[in-house]
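The file query-v1.txt comes next; it holds compact mmCIF, C-alpha atoms.
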```
# COMPACT_ATOMS: atom_id res chain seq x y z
CA MET A 1 73.18 37.34 7.57
CA ASN A 2 70.27 39.73 7.83
CA ARG A 3 68.33 38.66 10.91
CA ASN A 4 65.25 40.75 10.14
CA TYR A 5 64.73 39.01 6.84
CA ILE A 6 64.76 35.67 8.58
CA TYR A 7 62.09 36.83 11.04
CA LEU A 8 59.93 38.13 8.22
CA THR A 9 60.28 34.92 6.24
CA LEU A 10 59.41 32.85 9.30
CA LEU A 11 56.31 34.97 9.96
CA MET A 12 55.11 34.57 6.40
CA LEU A 13 55.67 30.82 6.53
CA ILE A 14 53.68 30.57 9.77
CA LEU A 15 50.81 32.54 8.23
CA ALA A 16 50.91 30.37 5.13
CA PHE A 17 50.57 27.24 7.25
CA GLY A 18 47.82 28.98 9.17
CA THR A 19 45.69 29.25 6.03
CA LEU A 20 45.99 25.50 5.60
CA MET A 21 44.29 25.04 8.96
CA ILE A 22 41.24 27.15 8.02
CA LYS A 23 39.72 24.98 5.31
CA LYS A 24 39.31 21.70 7.03
CA THR A 25 35.69 20.92 6.14
CA ASN A 26 35.13 18.49 3.33
CA GLU A 27 31.37 19.08 3.28
CA PRO A 28 29.81 19.42 -0.17
CA LYS A 29 29.18 22.92 -1.40
CA GLN A 30 26.02 24.29 0.13
CA ILE A 31 24.34 27.64 0.54
CA GLU A 32 24.30 29.58 3.82
CA PRO A 33 21.49 28.70 6.24
CA GLN A 34 20.25 32.27 6.24
CA GLN A 35 20.07 32.31 2.46
CA LEU A 36 18.19 29.02 2.57
CA LEU A 37 15.77 30.39 5.16
CA PHE A 38 15.18 33.43 2.99
CA GLU A 39 14.42 31.29 -0.05
CA LEU A 40 12.18 28.81 1.68
CA ILE A 41 9.77 31.39 3.04
CA GLN A 42 8.94 32.46 -0.52
CA PRO A 43 5.96 30.65 -1.99
CA THR A 44 7.35 30.93 -5.54
CA ARG A 45 8.46 27.30 -5.62
CA TYR A 46 4.93 25.92 -5.86
CA VAL A 47 3.40 24.98 -9.17
CA SER A 48 -0.17 23.79 -9.58
CA THR A 49 -1.25 20.47 -11.00
CA ASP A 50 -2.83 22.39 -13.90
CA GLN A 51 0.50 23.94 -14.80
CA VAL A 52 2.23 20.57 -14.69
CA ALA A 53 -0.53 18.97 -16.80
CA LYS A 54 -0.25 21.75 -19.36
CA MET A 55 3.50 21.28 -19.62
CA ILE A 56 3.16 17.52 -20.04
CA ILE A 57 0.49 17.92 -22.74
CA GLN A 58 2.55 20.52 -24.58
CA ASN A 59 5.51 18.17 -24.36
CA ASP A 60 7.64 20.90 -22.81
CA PRO A 61 11.25 19.72 -23.19
CA SER A 62 12.41 21.73 -20.19
CA LEU A 63 10.14 19.87 -17.78
CA GLU A 64 11.79 17.27 -15.57
CA LEU A 65 9.46 15.45 -13.21
CA ILE A 66 11.14 13.93 -10.18
CA ASP A 67 9.02 11.49 -8.22
CA VAL A 68 10.32 11.23 -4.64
CA ARG A 69 8.10 8.35 -3.50
CA ASN A 70 9.60 4.91 -2.97
CA SER A 71 10.15 2.67 -5.98
CA LYS A 72 7.22 0.39 -5.15
CA GLU A 73 4.72 3.23 -5.25
CA PHE A 74 6.43 4.58 -8.34
CA GLU A 75 6.00 1.32 -10.22
CA ILE A 76 2.29 1.17 -9.49
CA PHE A 77 1.56 4.64 -10.79
CA SER A 78 3.61 7.58 -11.98
CA LEU A 79 3.21 10.59 -14.18
CA PRO A 80 4.46 10.30 -17.77
CA LYS A 81 8.25 10.64 -18.11
CA ALA A 82 8.72 11.02 -14.35
CA ILE A 83 12.05 9.94 -12.89
CA ASN A 84 12.07 8.08 -9.59
CA VAL A 85 14.45 9.47 -6.96
CA PRO A 86 13.37 8.17 -3.53
CA ILE A 87 14.31 10.41 -0.60
CA ASP A 88 16.53 7.73 0.91
CA SER A 89 18.77 7.58 -2.13
CA LEU A 90 18.71 11.32 -2.74
CA ILE A 91 22.25 11.98 -1.60
CA SER A 92 24.01 9.79 -4.08
CA LYS A 93 25.99 10.96 -7.06
CA ASN A 94 23.63 9.30 -9.52
CA SER A 95 20.56 10.96 -8.07
CA LEU A 96 22.12 14.37 -7.87
CA LEU A 97 23.03 14.21 -11.56
CA ASN A 98 19.32 14.72 -12.26
CA PHE A 99 19.37 18.22 -10.87
CA GLY A 100 20.91 21.43 -12.03
CA ILE A 101 20.85 20.63 -15.74
CA PRO A 102 20.83 24.02 -17.49
CA GLY A 103 17.51 24.85 -19.11
CA THR A 104 15.42 22.36 -17.18
CA LYS A 105 12.73 22.94 -14.62
CA VAL A 106 12.72 20.23 -11.99
CA VAL A 107 9.32 19.56 -10.43
CA PHE A 108 9.19 17.36 -7.34
CA ILE A 109 6.20 15.09 -6.87
CA SER A 110 5.07 13.00 -3.91
CA ASN A 111 1.78 11.70 -2.57
CA ASP A 112 1.03 15.10 -1.11
CA ASP A 113 3.42 18.02 -1.10
CA ILE A 114 5.30 17.59 2.19
CA ALA A 115 7.87 15.05 1.02
CA ALA A 116 8.38 16.91 -2.24
CA ASP A 117 8.86 20.13 -0.31
CA GLN A 118 11.41 18.45 1.94
CA VAL A 119 13.40 17.27 -1.05
CA TRP A 120 13.17 20.79 -2.47
CA ILE A 121 14.75 22.16 0.69
CA LEU A 122 17.50 19.53 0.71
CA THR A 123 18.41 20.17 -2.91
CA LYS A 124 18.19 23.91 -2.36
CA ARG A 125 20.67 23.57 0.47
CA LEU A 126 23.02 21.97 -2.03
CA GLY A 127 22.55 25.02 -4.22
CA PHE A 128 20.46 23.61 -7.08
CA LYS A 129 18.41 26.18 -8.95
CA SER A 130 15.08 26.17 -10.83
CA THR A 131 13.48 23.45 -8.75
CA TYR A 132 9.76 23.41 -7.99
CA VAL A 133 7.19 21.56 -5.94
CA MET A 134 3.87 20.36 -7.31
CA LYS A 135 1.41 21.68 -4.76
CA GLY A 136 -0.96 19.06 -3.43
CA GLY A 137 1.04 16.24 -5.00
CA LEU A 138 -0.57 13.22 -6.60
CA ASN A 139 -3.61 13.42 -4.33
CA GLN A 140 -4.33 16.82 -5.83
CA TRP A 141 -3.51 15.45 -9.28
CA ILE A 142 -6.26 12.87 -8.93
CA GLU A 143 -8.72 15.43 -7.57
CA THR A 144 -8.09 18.03 -10.26
CA ILE A 145 -6.89 16.28 -13.40
CA ILE A 146 -8.01 12.67 -13.26
CA ASP A 147 -11.34 13.28 -11.56
CA PRO A 148 -12.14 17.00 -11.78
CA LYS A 149 -15.26 18.25 -10.05
CA SER A 150 -17.57 20.37 -12.13
CA PRO A 151 -18.01 23.90 -10.79
CA VAL A 152 -21.42 25.02 -9.57
CA GLU A 153 -23.27 27.78 -11.35
CA SER A 154 -22.34 30.46 -8.86
CA ASP A 155 -18.61 29.94 -9.48
CA PRO A 156 -16.68 32.56 -11.45
CA ALA A 157 -16.17 32.08 -15.17
CA LEU A 158 -12.54 31.23 -14.52
CA ALA A 159 -13.60 28.08 -12.68
CA PHE A 160 -15.42 26.95 -15.81
CA GLU A 161 -12.40 27.61 -17.97
CA THR A 162 -10.22 25.63 -15.60
CA TYR A 163 -12.78 22.86 -15.60
CA ALA A 164 -12.85 22.78 -19.39
CA PHE A 165 -9.08 22.45 -19.44
CA ARG A 166 -9.11 19.76 -16.78
CA LYS A 167 -11.71 17.76 -18.67
CA GLY A 168 -9.50 17.88 -21.71
CA ALA A 169 -6.49 16.92 -19.63
CA GLN A 170 -8.48 14.06 -18.12
CA LEU A 171 -9.05 12.64 -21.58
CA TYR A 172 -5.37 13.03 -22.35
CA PHE A 173 -4.15 11.29 -19.24
CA THR A 174 -6.71 8.54 -18.99
CA GLY A 175 -6.26 7.47 -22.60
CA ALA A 176 -8.65 9.30 -24.90
CA LYS A 177 -10.23 7.49 -27.82
CA THR A 178 -11.48 9.09 -31.04
CA GLU A 179 -15.08 9.30 -29.84
CA ASN A 180 -13.89 11.14 -26.76
CA ALA A 181 -12.48 13.90 -28.92
CA GLU A 182 -15.97 15.20 -29.67
CA PRO A 183 -16.74 16.70 -26.27
CA ALA A 184 -13.46 18.55 -26.51
CA LYS A 185 -14.63 20.19 -29.76
CA VAL A 186 -17.86 21.28 -28.08
CA LYS A 187 -15.78 23.11 -25.52
CA VAL A 188 -14.04 25.16 -28.17
CA GLU A 189 -17.39 26.27 -29.58
CA VAL A 190 -18.56 27.36 -26.18
CA GLN A 191 -15.53 29.51 -25.67
CA ARG A 192 -16.13 31.27 -28.98
CA LYS A 193 -19.65 32.19 -27.95
CA LYS A 194 -18.29 33.85 -24.88
CA LYS A 195 -16.01 35.99 -26.98
CA SER A 196 -18.83 37.35 -29.10
CA GLY A 197 -20.74 38.11 -25.93
CA GLY A 198 -17.84 40.26 -24.82
CA ALA A 199 -17.97 42.25 -28.03
CA ALA A 200 -21.67 42.97 -27.51
CA GLY A 201 -20.88 44.32 -24.07
CA GLY A 202 -18.45 46.75 -25.64
CA CYS A 203 -21.19 48.97 -27.06
CA MET B 1 74.18 48.06 5.31
CA GLU B 2 70.42 48.54 4.87
CA ILE B 3 68.59 51.32 6.66
CA HIS B 4 66.31 49.09 8.73
CA GLU B 5 69.22 47.11 10.01
CA SER B 6 70.55 50.22 11.59
CA ASN B 7 67.29 50.51 13.49
CA PRO B 8 66.00 47.00 14.35
CA TRP B 9 63.47 48.34 16.87
CA LYS B 10 61.48 50.04 14.15
CA THR B 11 61.19 46.78 12.25
CA LEU B 12 60.11 44.93 15.38
CA LEU B 13 57.47 47.58 16.09
CA ALA B 14 56.06 47.37 12.58
CA LEU B 15 56.00 43.58 12.83
CA SER B 16 54.20 43.53 16.16
CA VAL B 17 51.60 46.03 14.91
CA PHE B 18 51.03 43.76 11.93
CA VAL B 19 50.57 40.73 14.16
CA VAL B 20 48.24 42.60 16.54
CA ILE B 21 46.02 43.67 13.63
CA LEU B 22 45.85 40.06 12.45
CA ILE B 23 44.89 38.81 15.90
CA VAL B 24 42.25 41.50 16.40
CA GLY B 25 40.82 40.74 12.98
CA PHE B 26 40.67 37.04 13.77
CA PHE B 27 38.77 37.50 17.01
CA THR B 28 36.31 40.07 15.71
CA MET B 29 35.50 38.00 12.62
CA ARG B 30 31.70 38.01 12.26
CA THR B 31 30.40 34.55 12.95
CA PRO B 32 27.34 33.69 10.87
CA LEU B 33 24.02 33.77 12.72
CA LEU B 34 23.18 30.22 11.71
CA THR B 35 25.37 27.27 10.87
CA TYR B 36 24.37 23.78 9.85
CA LYS B 37 24.59 21.33 12.70
CA LEU B 38 23.28 18.37 10.72
CA ASP B 39 24.82 17.19 7.48
CA MET B 40 22.67 16.07 4.56
CA LYS B 41 22.33 12.45 5.70
CA GLN B 42 21.38 13.47 9.23
CA SER B 43 18.89 15.98 7.85
CA ILE B 44 17.14 13.26 5.90
CA GLU B 45 17.00 11.06 9.01
CA GLU B 46 15.67 14.00 11.01
CA MET B 47 12.63 14.30 8.75
CA LYS B 48 11.48 10.87 9.93
CA ASN B 49 11.88 11.82 13.56
CA THR B 50 8.40 11.57 15.06
CA ASP B 51 9.66 13.33 18.16
CA ALA B 52 10.04 16.44 16.03
CA CYS B 53 6.31 16.49 15.32
CA PHE B 54 3.59 18.01 17.43
CA TYR B 55 0.25 16.27 17.31
CA PRO B 56 -3.03 18.20 17.28
CA TRP B 57 -4.28 16.60 20.51
CA GLN B 58 -1.18 17.79 22.31
CA LEU B 59 -2.53 21.29 21.82
CA ASN B 60 -5.04 20.74 24.62
CA GLY B 61 -2.44 21.35 27.29
CA VAL B 62 -1.21 24.48 25.57
CA ILE B 63 -4.66 26.00 25.17
CA THR B 64 -5.61 25.41 28.80
CA ASN B 65 -2.20 26.80 29.78
CA GLU B 66 -1.26 23.67 31.71
CA THR B 67 1.98 22.99 29.94
CA LYS B 68 4.11 26.05 30.55
CA ASN B 69 7.18 25.09 28.55
CA ILE B 70 5.60 25.16 25.10
CA VAL B 71 5.55 28.25 22.88
CA LEU B 72 3.35 28.30 19.81
CA PHE B 73 4.47 30.38 16.85
CA ASP B 74 1.99 31.32 14.14
CA LEU B 75 3.91 31.73 10.89
CA ARG B 76 1.03 33.31 8.97
CA ASN B 77 0.98 37.01 8.36
CA ASN B 78 -0.27 39.51 10.90
CA PHE B 79 -3.61 40.10 9.18
CA VAL B 80 -4.65 36.46 9.04
CA PHE B 81 -3.38 35.99 12.58
CA GLY B 82 -5.71 38.75 13.73
CA GLN B 83 -8.67 36.99 12.18
CA GLY B 84 -8.15 33.91 14.28
CA HIS B 85 -5.41 31.78 15.75
CA ILE B 86 -4.80 29.00 18.23
CA PRO B 87 -5.25 30.42 21.76
CA GLY B 88 -1.91 31.28 23.32
CA ALA B 89 -0.05 31.44 20.02
CA GLU B 90 2.37 34.22 19.20
CA ASN B 91 2.57 35.73 15.77
CA LEU B 92 5.93 35.36 14.04
CA SER B 93 5.18 35.73 10.39
CA ALA B 94 7.40 33.78 8.01
CA GLN B 95 8.75 36.99 6.49
CA ASP B 96 10.16 38.00 9.88
CA LEU B 97 11.95 34.70 10.44
CA THR B 98 15.13 35.90 8.77
CA LYS B 99 15.40 38.83 11.17
CA GLU B 100 18.09 38.69 13.80
CA GLU B 101 15.62 39.23 16.64
CA SER B 102 13.66 36.13 15.65
CA ILE B 103 16.75 33.96 15.68
CA GLU B 104 17.83 35.40 19.02
CA ARG B 105 14.37 34.76 20.41
CA LEU B 106 14.60 31.15 19.33
CA GLU B 107 18.01 30.85 20.93
CA ASP B 108 16.67 32.25 24.20
CA LEU B 109 13.80 29.78 24.11
CA LYS B 110 16.18 26.92 23.46
CA ASN B 111 18.36 27.92 26.38
CA GLY B 112 15.26 28.19 28.55
CA ASN B 113 14.31 24.59 27.68
CA PHE B 114 11.15 25.70 25.92
CA ILE B 115 9.60 23.64 23.16
CA VAL B 116 8.78 25.73 20.12
CA VAL B 117 5.87 24.63 17.94
CA LEU B 118 5.56 26.16 14.47
CA TYR B 119 2.34 26.17 12.51
CA GLY B 120 1.04 27.77 9.34
CA GLU B 121 -2.19 27.71 7.38
CA ASP B 122 -1.39 24.15 6.42
CA GLN B 123 1.48 21.92 7.42
CA LEU B 124 3.33 22.81 4.25
CA GLN B 125 3.78 26.42 5.32
CA ALA B 126 5.60 25.45 8.49
CA ASN B 127 7.49 22.57 6.90
CA GLY B 128 10.34 24.63 5.46
CA PRO B 129 11.15 26.72 8.55
CA TRP B 130 10.83 23.64 10.74
CA MET B 131 13.32 21.68 8.63
CA LEU B 132 15.79 24.54 8.50
CA PHE B 133 15.71 25.19 12.24
CA ARG B 134 16.24 21.51 12.90
CA GLN B 135 19.21 21.49 10.51
CA VAL B 136 20.86 24.42 12.24
CA GLY B 137 20.56 22.76 15.61
CA PHE B 138 17.32 23.99 17.17
CA ASP B 139 16.28 20.54 18.37
CA ASN B 140 13.47 22.06 20.43
CA VAL B 141 11.53 23.16 17.34
CA LYS B 142 8.53 21.06 16.36
CA VAL B 143 5.94 21.29 13.61
CA LEU B 144 2.19 21.11 14.20
CA LEU B 145 0.82 18.30 12.05
CA GLY B 146 -2.12 19.34 9.91
CA GLY B 147 -1.57 23.04 10.43
CA TYR B 148 -4.13 25.64 11.39
CA GLN B 149 -6.87 24.45 9.04
CA TYR B 150 -6.89 21.01 10.59
CA TYR B 151 -7.00 22.52 14.07
CA LEU B 152 -9.91 24.73 13.07
CA LEU B 153 -11.94 21.74 11.91
CA HIS B 154 -11.36 19.80 15.10
CA LYS B 155 -10.92 22.44 17.76
CA ASP B 156 -13.99 21.35 19.68
CA ASN B 157 -12.71 17.87 20.15
CA LEU B 158 -8.97 17.70 19.70
CA LEU B 159 -8.68 14.43 21.59
CA ALA B 160 -10.71 12.70 18.92
CA THR B 161 -7.96 13.39 16.41
CA LYS B 162 -5.91 10.66 18.09
CA THR B 163 -7.76 8.12 15.99
CA ASP B 164 -7.95 10.32 12.92
CA SER B 165 -5.34 9.81 10.25
CA ILE B 166 -6.23 12.57 7.79
CA PHE B 167 -3.55 14.89 9.09
CA GLN B 168 -0.91 12.25 8.52
CA LYS B 169 1.04 13.46 5.54
CA GLY B 170 2.69 11.57 2.74
CA VAL B 171 -0.10 9.03 2.44
CA PRO B 172 -1.85 8.41 -0.86
CA LYS B 173 -5.56 9.19 -0.50
CA TYR B 174 -6.54 7.25 -3.59
CA ASN B 175 -5.61 4.20 -5.50
CA PHE B 176 -3.76 6.15 -8.16
CA ALA B 177 -3.38 3.33 -10.65
CA GLU B 178 -7.06 2.52 -10.54
CA MET B 179 -8.20 6.10 -10.73
CA ALA B 180 -5.95 6.94 -13.65
CA ALA B 181 -6.77 3.79 -15.59
CA PRO B 182 -8.37 4.37 -19.01
CA LYS B 183 -11.98 5.35 -18.49
CA ASN B 184 -14.78 3.57 -20.28
CA GLY B 185 -17.03 5.57 -22.55
CA ALA B 186 -19.83 5.98 -20.01
CA SER B 187 -18.04 8.21 -17.58
CA VAL B 188 -16.59 10.37 -20.33
CA ASN B 189 -19.93 10.78 -22.06
CA SER B 190 -21.42 12.23 -18.92
CA THR B 191 -19.51 15.44 -19.53
CA PRO B 192 -21.54 17.01 -22.39
CA ALA B 193 -24.67 16.91 -20.21
CA LYS B 194 -22.94 19.03 -17.58
CA LYS B 195 -21.66 21.26 -20.31
CA THR B 196 -25.12 22.64 -21.13
CA VAL B 197 -25.26 24.23 -17.70
CA GLU B 198 -22.17 26.16 -18.57
CA VAL B 199 -23.62 27.46 -21.82
CA THR B 200 -26.72 28.93 -20.18
CA ARG B 201 -24.54 30.67 -17.65
CA ARG B 202 -22.42 32.32 -20.29
CA LYS B 203 -25.54 33.61 -22.02
CA LYS B 204 -26.80 35.21 -18.85
CA SER B 205 -23.62 37.14 -18.18
CA GLY B 206 -23.57 38.28 -21.81
CA GLY B 207 -27.07 39.75 -21.42
CA ALA B 208 -26.07 41.73 -18.38
CA ALA B 209 -23.07 43.17 -20.21
CA GLY B 210 -25.26 44.26 -23.11
CA GLY B 211 -27.43 46.25 -20.73
CA CYS B 212 -24.92 49.01 -20.38
```

What is this structure when it is put down as structure tokens?
Amino acid sequence: MNRNYIYLTLLMLILAFGTLMIKKTNEPKQIEPQQLLFELIQPTRYVSTDQVAKMIIQNDPSLELIDVRNSKEFEIFSLPKAINVPIDSLISKNSLLNFGIPGTKVVFISNDDIAADQVWILTKRLGFKSTYVMKGGLNQWIETIIDPKSPVESDPALAFETYAFRKGAQLYFTGAKTENAEPAKVKVEVQRKKKSGGAAGGC
Amino acid sequence: MEIHESNPWKTLLALSVFVVILIVGFFTMRTPLLTYKLDMKQSIEEMKNTDACFYPWQLNGVITNETKNIVLFDLRNNFVFGQGHIPGAENLSAQDLTKEESIERLEDLKNGNFIVVLYGEDQLQANGPWMLFRQVGFDNVKVLLGGYQYYLLHKDNLLATKTDSIFQKGVPKYNFAEMAAPKNGASVNSTPAKKTVEVTRRKKSGGAAGGC
């Protein structure tokens, strides 16, 4: 019998068993900490309340609102079509099914943005993509959409445009009636005037 | 008879070289700079850990340099840092966090039993780095509640913030359900009156543009 072949076979067998020892962790798939650190220092994950309002009004099918407050708070008030996934039940199979659906943009919502941001980091660690955080949370939502403050005269024109949008959004979200539609029409007229003014400036 | 059988020493040499290469490769394998020390469940629990938070009034000791074992890191960029920061803070902008030196610095501080406090413009800016460092085992890293803006508002009397609750995060500021309830006509009708202000403003800017 060829002794060298036996040695070689034994060595290969030992190495093969060695590879079995390497993968012992049964942790779920997650991204490297350094990759996570790199992603979380980018501010690209924040979306404004205006953007979220616009997507809700336009009935954007890709929008998926995830409310991370507890179920009690969620029952009292929530944004239209929001799904409740409290932080404590985040790491369950049912909750995680909400994320990572191709073609959807997940937006996390909490009272302010800290809890939503924390959930963003946890889901990012698990490797889920296209997730966002609504900056300012529901507090900001109330301040900007439900009860927008009118800009003062010295504000830039953009502030007035935003305000016009927010007023319209306010009507949408607080239950607009037919008579409330009129002020919205006035806004359109005003915008047209501005356009003609721009043309005059072109001379 | 095969050739190698006539010379078993050659085979043994080749084998041992092979094994040596494997062993060297195993020991010089690059270990990642950071590894998770907390699993997902522990990470969620860690977020509720009040010991991981640094309260604004605790800054007093740092500013007067009485507590020596606390290091403040300002995560904002260099320019904003230059315009104003908490006395005694070091600048470590968020973009530099991924650098090897920063991680090594944190490791040194941990070994030296220093407490590291991270802060950004608001608490949100420091929230991410704080969570990550906690997850990879830096249990000496804390986050400054309220962030720099809150400090700036109260820097003359930080002790008074003990009774203040504004910096507490995650609390609803309003009664959402009430605020978002359908409005009656009165409050909605108040909008066209404000609108007129807007119209006059537009006119003015149009006049200036025509002047060219």

Name all residues at most 10 Å from Thr44 of chain A (count all atoms listed in the file; drop same-chain ones fewer than 5 positions away) and give them as a PDB file with C-alpha atoms, keeping the file's coordinate frame.
```pdb
ATOM      1  CA  GLU A  39      14.420  31.290  -0.050  1.00  0.00           C
ATOM      2  CA  TYR A 132       9.760  23.410  -7.990  1.00  0.00           C
ATOM      3  CA  VAL A 133       7.190  21.560  -5.940  1.00  0.00           C
TER       4      VAL A 133
END
```

- Message: I'd like to know which of A:Ile114, A:Arg69, A:Asn139, A:Thr123 is closest to Leu145 of chain B, using all atoms listed in the file.
- Response: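 Closest to Leu145 of chain B, using all atoms listed in the file: A:Ile114.
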
Hey, which bits of segment 41-159 of chain A sit within 12 Å of segment 46-55 of chain B, and for each residue what's the closest pair of atoms and how far apart in Å (one decimal), counting all atoms listed in the file, rows by chain and increasing number, as CSV?
```
residue,atom,partner,partner_atom,distance
A:Ile87,CA,B:Met47,CA,10.3
A:Asp88,CA,B:Lys48,CA,10.8
A:Ile114,CA,B:Met47,CA,10.4
A:Ala115,CA,B:Met47,CA,9.1
A:Asp117,CA,B:Met47,CA,11.4
A:Gln118,CA,B:Met47,CA,8.1
A:Val119,CA,B:Met47,CA,10.3
A:Ile121,CA,B:Met47,CA,11.5
A:Leu122,CA,B:Met47,CA,10.8
```

For C-alpha atoms, I'd like the residues from the last selection saved as an mmCIF file, in the frame of the given file.
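What landed in selection-v2.cif:
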```cif
data_model
loop_
_atom_site.group_PDB
_atom_site.id
_atom_site.type_symbol
_atom_site.label_atom_id
_atom_site.label_comp_id
_atom_site.auth_asym_id
_atom_site.auth_seq_id
_atom_site.Cartn_x
_atom_site.Cartn_y
_atom_site.Cartn_z
ATOM 1 C CA ILE A 87 14.310 10.410 -0.600
ATOM 2 C CA ASP A 88 16.530 7.730 0.910
ATOM 3 C CA ILE A 114 5.300 17.590 2.190
ATOM 4 C CA ALA A 115 7.870 15.050 1.020
ATOM 5 C CA ASP A 117 8.860 20.130 -0.310
ATOM 6 C CA GLN A 118 11.410 18.450 1.940
ATOM 7 C CA VAL A 119 13.400 17.270 -1.050
ATOM 8 C CA ILE A 121 14.750 22.160 0.690
ATOM 9 C CA LEU A 122 17.500 19.530 0.710
#
```

- Query: Between A:Ile57, A:Val85, A:Leu97, A:Leu138, which has the minimum distance to chain B (counting all atoms listed in the file)?
  - Reply: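 The answer is A:Leu138, which sits nearest to chain B.
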
- 9 Å contact set for Leu106 of chain B, all atoms listed in the file, chain neighbours under 3 positions out, as a list of chain:residue names: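 Here the answer would be B:Glu101, B:Ser102, B:Ile103, B:Leu109, B:Lys110, B:Asn111, B:Val116, B:Phe138, B:Val141.
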
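Each of B:Thr28, B:Gln123, B:Ser43, B:Asn175 was compared to Gly136 of chain A using all atoms listed in the file, and B:Gln123 turns out to be the nearest.
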
Taking (20.8, 21.0, 9.0) in the file's coordinates as the center, which residues reach within 10 Å of it, counting only C-alpha atoms, put as a CSV table (one decimal) with C-alpha atoms, keeping the file's coordinate frame?
```csv
chain,number,residue,atom,x,y,z
A,33,PRO,CA,21.5,28.7,6.2
A,122,LEU,CA,17.5,19.5,0.7
A,125,ARG,CA,20.7,23.6,0.5
B,34,LEU,CA,23.2,30.2,11.7
B,35,THR,CA,25.4,27.3,10.9
B,36,TYR,CA,24.4,23.8,9.8
B,37,LYS,CA,24.6,21.3,12.7
B,38,LEU,CA,23.3,18.4,10.7
B,39,ASP,CA,24.8,17.2,7.5
B,40,MET,CA,22.7,16.1,4.6
B,41,LYS,CA,22.3,12.4,5.7
B,42,GLN,CA,21.4,13.5,9.2
B,43,SER,CA,18.9,16.0,7.8
B,44,ILE,CA,17.1,13.3,5.9
B,46,GLU,CA,15.7,14.0,11.0
B,131,MET,CA,13.3,21.7,8.6
B,132,LEU,CA,15.8,24.5,8.5
B,133,PHE,CA,15.7,25.2,12.2
B,134,ARG,CA,16.2,21.5,12.9
B,135,GLN,CA,19.2,21.5,10.5
B,136,VAL,CA,20.9,24.4,12.2
B,137,GLY,CA,20.6,22.8,15.6
B,138,PHE,CA,17.3,24.0,17.2
```

- In Å, how far is it from atom CA of Val47 of chain A to atom CA of Gly82 of chain B?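 Going from atom CA of Val47 of chain A over to atom CA of Gly82 of chain B, I get 28.2 Å.
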
- Best match for closeness to Ala53 of chain A among A:Val152, A:Ile101, A:Val107, A:Ala116, counting all atoms listed in the file: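 For Ala53 of chain A, the nearest of the candidates is A:Val107.
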